[in-house]
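Quick look at final_20.cif (mmCIF, C-alpha atoms):
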```cif
data_start
#
loop_
_atom_site.group_PDB
_atom_site.id
_atom_site.type_symbol
_atom_site.label_atom_id
_atom_site.label_comp_id
_atom_site.auth_asym_id
_atom_site.auth_seq_id
_atom_site.Cartn_x
_atom_site.Cartn_y
_atom_site.Cartn_z
ATOM 1 C CA MET A 1 -13.741 -32.589 65.793
ATOM 2 C CA PRO A 2 -12.935 -31.076 62.343
ATOM 3 C CA SER A 3 -15.370 -31.593 59.512
ATOM 4 C CA THR A 4 -14.541 -33.755 56.497
ATOM 5 C CA LEU A 5 -14.351 -30.635 54.344
ATOM 6 C CA THR A 6 -11.798 -29.089 56.709
ATOM 7 C CA MET A 7 -9.698 -32.269 56.718
ATOM 8 C CA VAL A 8 -9.721 -32.407 52.903
ATOM 9 C CA ALA A 9 -8.782 -28.722 52.665
ATOM 10 C CA ASN A 10 -5.902 -29.228 55.127
ATOM 11 C CA GLU A 11 -4.657 -32.269 53.202
ATOM 12 C CA GLN A 12 -4.680 -30.311 49.931
ATOM 13 C CA GLN A 13 -2.733 -27.485 51.548
ATOM 14 C CA THR A 14 -0.031 -29.811 52.900
ATOM 15 C CA LYS A 15 0.261 -32.209 49.926
ATOM 16 C CA LYS A 16 3.494 -31.752 48.061
ATOM 17 C CA ARG A 17 3.119 -31.197 44.355
ATOM 18 C CA THR A 18 5.492 -33.351 42.329
ATOM 19 C CA ILE A 19 7.296 -32.170 39.228
ATOM 20 C CA LEU A 20 8.824 -34.962 37.170
ATOM 21 C CA PHE A 21 11.843 -33.841 35.147
ATOM 22 C CA PHE A 22 13.281 -35.960 32.341
ATOM 23 C CA ALA A 23 16.584 -35.424 30.545
ATOM 24 C CA GLU A 24 18.675 -37.537 28.230
ATOM 25 C CA ASP A 25 21.168 -35.027 26.817
ATOM 26 C CA ALA A 26 23.790 -33.099 28.767
ATOM 27 C CA GLY A 27 22.518 -29.664 27.693
ATOM 28 C CA ALA A 28 19.051 -30.392 29.000
ATOM 29 C CA ALA A 29 20.486 -31.699 32.274
ATOM 30 C CA ASN A 30 22.600 -28.548 32.708
ATOM 31 C CA PHE A 31 19.450 -26.481 32.252
ATOM 32 C CA ILE A 32 17.249 -28.629 34.520
ATOM 33 C CA ALA A 33 19.677 -29.195 37.434
ATOM 34 C CA PRO A 34 19.507 -25.641 38.853
ATOM 35 C CA LEU A 35 15.726 -25.564 38.312
ATOM 36 C CA THR A 36 15.255 -28.570 40.581
ATOM 37 C CA LYS A 37 17.279 -26.910 43.326
ATOM 38 C CA GLN A 38 15.312 -23.658 43.070
ATOM 39 C CA LEU A 39 11.885 -25.306 42.903
ATOM 40 C CA THR A 40 12.274 -27.836 45.704
ATOM 41 C CA THR A 41 10.370 -26.468 48.705
ATOM 42 C CA LYS A 42 8.063 -27.652 51.449
ATOM 43 C CA THR A 43 5.249 -27.803 48.896
ATOM 44 C CA ILE A 44 7.096 -28.900 45.728
ATOM 45 C CA LYS A 45 8.937 -32.185 45.233
ATOM 46 C CA CYS A 46 11.224 -32.429 42.216
ATOM 47 C CA THR A 47 11.923 -35.891 40.842
ATOM 48 C CA VAL A 48 14.496 -36.369 38.107
ATOM 49 C CA VAL A 49 14.581 -39.272 35.675
ATOM 50 C CA SER A 50 17.715 -39.382 33.596
ATOM 51 C CA GLN A 51 19.316 -41.408 30.843
ATOM 52 C CA VAL A 52 22.623 -41.452 28.993
ATOM 53 C CA SER A 53 24.885 -38.374 29.278
ATOM 54 C CA ALA A 54 22.421 -36.405 31.404
ATOM 55 C CA SER A 55 23.093 -38.724 34.352
ATOM 56 C CA ARG A 56 26.723 -37.592 34.545
ATOM 57 C CA ILE A 57 25.609 -33.963 34.615
ATOM 58 C CA PHE A 58 23.089 -34.544 37.395
ATOM 59 C CA SER A 59 25.770 -36.364 39.403
ATOM 60 C CA HIS A 60 28.143 -33.439 38.875
ATOM 61 C CA HIS A 61 25.467 -31.013 40.140
ATOM 62 C CA GLN A 62 24.657 -33.355 43.052
ATOM 63 C CA VAL A 63 21.067 -33.777 41.898
ATOM 64 C CA LEU A 64 19.518 -37.096 42.848
ATOM 65 C CA TYR A 65 18.139 -38.880 39.794
ATOM 66 C CA HIS A 66 16.464 -42.153 38.883
ATOM 67 C CA SER A 67 17.474 -44.203 35.860
ATOM 68 C CA PRO A 68 14.583 -46.043 34.255
ATOM 69 C CA ARG A 69 14.978 -49.726 33.510
ATOM 70 C CA SER A 70 15.469 -50.510 29.836
ATOM 71 C CA ASP A 71 12.018 -52.106 29.628
ATOM 72 C CA ASP A 72 10.154 -49.296 31.445
ATOM 73 C CA THR A 73 7.351 -47.742 29.449
ATOM 74 C CA ALA A 74 6.422 -44.082 29.696
ATOM 75 C CA ALA A 75 3.245 -45.125 31.518
ATOM 76 C CA GLU A 76 5.267 -47.054 34.105
ATOM 77 C CA ILE A 77 7.582 -44.112 34.712
ATOM 78 C CA ILE A 78 4.667 -41.744 35.209
ATOM 79 C CA ASP A 79 2.835 -44.252 37.428
ATOM 80 C CA ARG A 80 5.947 -44.760 39.572
ATOM 81 C CA HIS A 81 6.476 -41.042 40.228
ATOM 82 C CA ASP A 82 2.837 -39.827 40.088
ATOM 83 C CA PRO A 83 3.667 -36.254 39.013
ATOM 84 C CA ASP A 84 1.438 -33.212 38.868
ATOM 85 C CA LEU A 85 3.592 -31.767 36.063
ATOM 86 C CA LEU A 86 6.056 -33.234 33.538
ATOM 87 C CA VAL A 87 9.086 -31.240 32.369
ATOM 88 C CA VAL A 88 11.160 -32.681 29.511
ATOM 89 C CA GLY A 89 14.454 -31.401 28.146
ATOM 90 C CA THR A 90 15.236 -31.329 24.440
ATOM 91 C CA CYS A 91 17.114 -34.221 22.930
ATOM 92 C CA GLU A 92 18.767 -35.094 19.641
ATOM 93 C CA ASN A 93 17.421 -38.658 19.796
ATOM 94 C CA PRO A 94 14.128 -38.902 17.849
ATOM 95 C CA ASN A 95 13.305 -42.075 19.816
ATOM 96 C CA THR A 96 13.883 -40.508 23.222
ATOM 97 C CA THR A 97 11.836 -41.610 26.198
ATOM 98 C CA GLY A 98 11.084 -37.905 26.639
ATOM 99 C CA LEU A 99 8.764 -37.839 23.620
ATOM 100 C CA LYS A 100 7.036 -40.990 24.838
ATOM 101 C CA LEU A 101 6.539 -39.335 28.234
ATOM 102 C CA ILE A 102 5.000 -36.285 26.540
ATOM 103 C CA ASP A 103 2.604 -38.514 24.574
ATOM 104 C CA GLU A 104 1.622 -40.386 27.740
ATOM 105 C CA ALA A 105 1.136 -37.108 29.634
ATOM 106 C CA LYS A 106 -1.130 -35.825 26.862
ATOM 107 C CA HIS A 107 -3.160 -39.039 27.030
ATOM 108 C CA ARG A 108 -3.592 -38.545 30.801
ATOM 109 C CA TYR A 109 -4.282 -34.785 30.611
ATOM 110 C CA LEU A 110 -1.109 -34.299 32.659
ATOM 111 C CA PRO A 111 0.385 -30.848 32.017
ATOM 112 C CA SER A 112 3.796 -30.989 30.355
ATOM 113 C CA ILE A 113 6.487 -28.456 29.519
ATOM 114 C CA GLY A 114 9.392 -28.779 27.104
ATOM 115 C CA VAL A 115 12.462 -26.818 28.153
ATOM 116 C CA ILE A 116 14.881 -25.581 25.521
ATOM 117 C CA ASP A 117 18.449 -25.217 26.759
ATOM 118 C CA GLY A 118 19.914 -23.537 23.670
ATOM 119 C CA PRO A 119 19.452 -22.750 19.969
ATOM 120 C CA ALA A 120 22.150 -25.075 18.522
ATOM 121 C CA ILE A 121 21.110 -27.058 15.434
ATOM 122 C CA PRO A 122 17.367 -26.596 16.010
ATOM 123 C CA ALA A 123 16.255 -28.446 12.872
ATOM 124 C CA TYR A 124 17.920 -31.593 14.220
ATOM 125 C CA ARG A 125 17.328 -31.236 17.964
ATOM 126 C CA TYR A 126 13.645 -30.382 17.826
ATOM 127 C CA ARG A 127 12.529 -32.600 14.960
ATOM 128 C CA GLY A 128 10.684 -34.957 17.289
ATOM 129 C CA CYS A 129 8.599 -32.224 18.889
#
```

What does this structure look like when you write it as structure tokens?
Amino acid sequence: MPSTLTMVANEQQTKKRTILFFAEDAGAANFIAPLTKQLTTKTIKCTVVSQVSASRIFSHHQVLYHSPRSDDTAAEIIDRHDPDLLVVGTCENPNTTGLKLIDEAKHRYLPSIGVIDGPAIPAYRYRGC
């Protein structure tokens, strides 16, 4: 019979790591969509949460996405998907859920990455960062 240490080691080796992607704007979705396809493997699960125009882009790229309910908090979204890493696309909306997710990730010591899809109007697009 295997030892407890061996069983724990085997579980860690087979556990899928989850990356939670969030996008609200189309540019971010166009950048994130191919990433999810490249990163999804036997050991990595990519989950996409999308709002507004990004949802149309993910549909076009045939990327499965989840739309949060209007009353979902950042904490509820993170709890629901239990990610090991958060990846958020840039957005022109200073009240984007993406910034709330980053704040919640920081509070939880959850690693987060902001992806920049292009240099257009940086003073406006990145003002919430």

Can you list, as a short mmCIF file (atom, residue, chain, number, x, y, z; two decimals) with C-alpha atoms, in the frame of the given file, every protein, DNA or RNA residue that comes within 9 Å of Asp82 in chain A when you count only C-alpha atoms, leaving out same-chain residues fewer than 2 positions away?
```cif
data_model
loop_
_atom_site.label_atom_id
_atom_site.label_comp_id
_atom_site.auth_asym_id
_atom_site.auth_seq_id
_atom_site.Cartn_x
_atom_site.Cartn_y
_atom_site.Cartn_z
CA THR A 18 5.49 -33.35 42.33
CA ILE A 19 7.30 -32.17 39.23
CA LEU A 20 8.82 -34.96 37.17
CA ILE A 77 7.58 -44.11 34.71
CA ILE A 78 4.67 -41.74 35.21
CA ASP A 79 2.84 -44.25 37.43
CA ARG A 80 5.95 -44.76 39.57
CA ASP A 84 1.44 -33.21 38.87
#
```

request  = Evaluate the PyMOL selection byres ((chain A and resi 74) around 9) on the structure here and hand back the selected residues as number ranges by chain.
outcome  = A: 72-73, 75-79, 97-98, 100-105

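Residue nearest His60 in chain A within the list A:Ser112, A:Thr90, A:Asn30, A:Thr47: A:Asn30 [criterion: smallest interatomic distance, all atoms listed in the file].
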
request  = Quote the spacing between CA of Ile57 in chain A and CA of Asp71 in chain A in Å to one decimal place.
outcome  =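 Separation between CA of Ile57 in chain A and CA of Asp71 in chain A: 23.2 Å.
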
Long-range neighbours of Ala54 in chain A as a PyMOL selection string, 8 Å cut-off, only C-alpha atoms, 6 positions minimum in chain = chain A and resi 23-30

Would you write out those residues with C-alpha atoms, as a PDB file, keeping the file's coordinate frame?
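Saved file again.pdb follows:
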```pdb
ATOM      1  CA  ALA A  23      16.584 -35.424  30.545  1.00  0.00           C
ATOM      2  CA  GLU A  24      18.675 -37.537  28.230  1.00  0.00           C
ATOM      3  CA  ASP A  25      21.168 -35.027  26.817  1.00  0.00           C
ATOM      4  CA  ALA A  26      23.790 -33.099  28.767  1.00  0.00           C
ATOM      5  CA  GLY A  27      22.518 -29.664  27.693  1.00  0.00           C
ATOM      6  CA  ALA A  28      19.051 -30.392  29.000  1.00  0.00           C
ATOM      7  CA  ALA A  29      20.486 -31.699  32.274  1.00  0.00           C
ATOM      8  CA  ASN A  30      22.600 -28.548  32.708  1.00  0.00           C
TER       9      ASN A  30
END
```

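Every residue that the PyMOL selection byres ((chain A and resi 17) around 6) selects in this file is listed here: Lys16, Thr18, Ile44 and Lys45 of chain A.
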
ask   = CA of Pro68 in chain A to CA of Asp117 in chain A: how many Å, to one decimal?
value =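 According to the coordinates, CA of Pro68 in chain A and CA of Asp117 in chain A are separated by 22.5 Å.
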
task = Would you work out the distance separating CA of Ala120 in chain A from CA of Ser59 in chain A, expressed in Å to one decimal?
result =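 Separation of CA of Ala120 in chain A and CA of Ser59 in chain A: 24.0 Å.
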
Output check: residues returned by the PyMOL selection byres ((chain A and resi 34) around 12), as number ranges by chain = A: 21, 28-33, 35-40, 46, 48, 57-58, 60-63

message = Given only C-alpha atoms as the basis, pick out the residue of A:Leu86, A:His66, A:Ser55, A:Thr96 nearest to Arg108 in chain A.
response =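 Ranking A:Leu86, A:His66, A:Ser55, A:Thr96 by distance to Arg108 in chain A, first place goes to A:Leu86.
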
request  = Kindly indicate which residue among A:Tyr65, A:Leu99, A:Thr41, A:Cys91 lies nearest to Gly118 in chain A, using all atoms listed in the file for the distances.
outcome  = A:Cys91
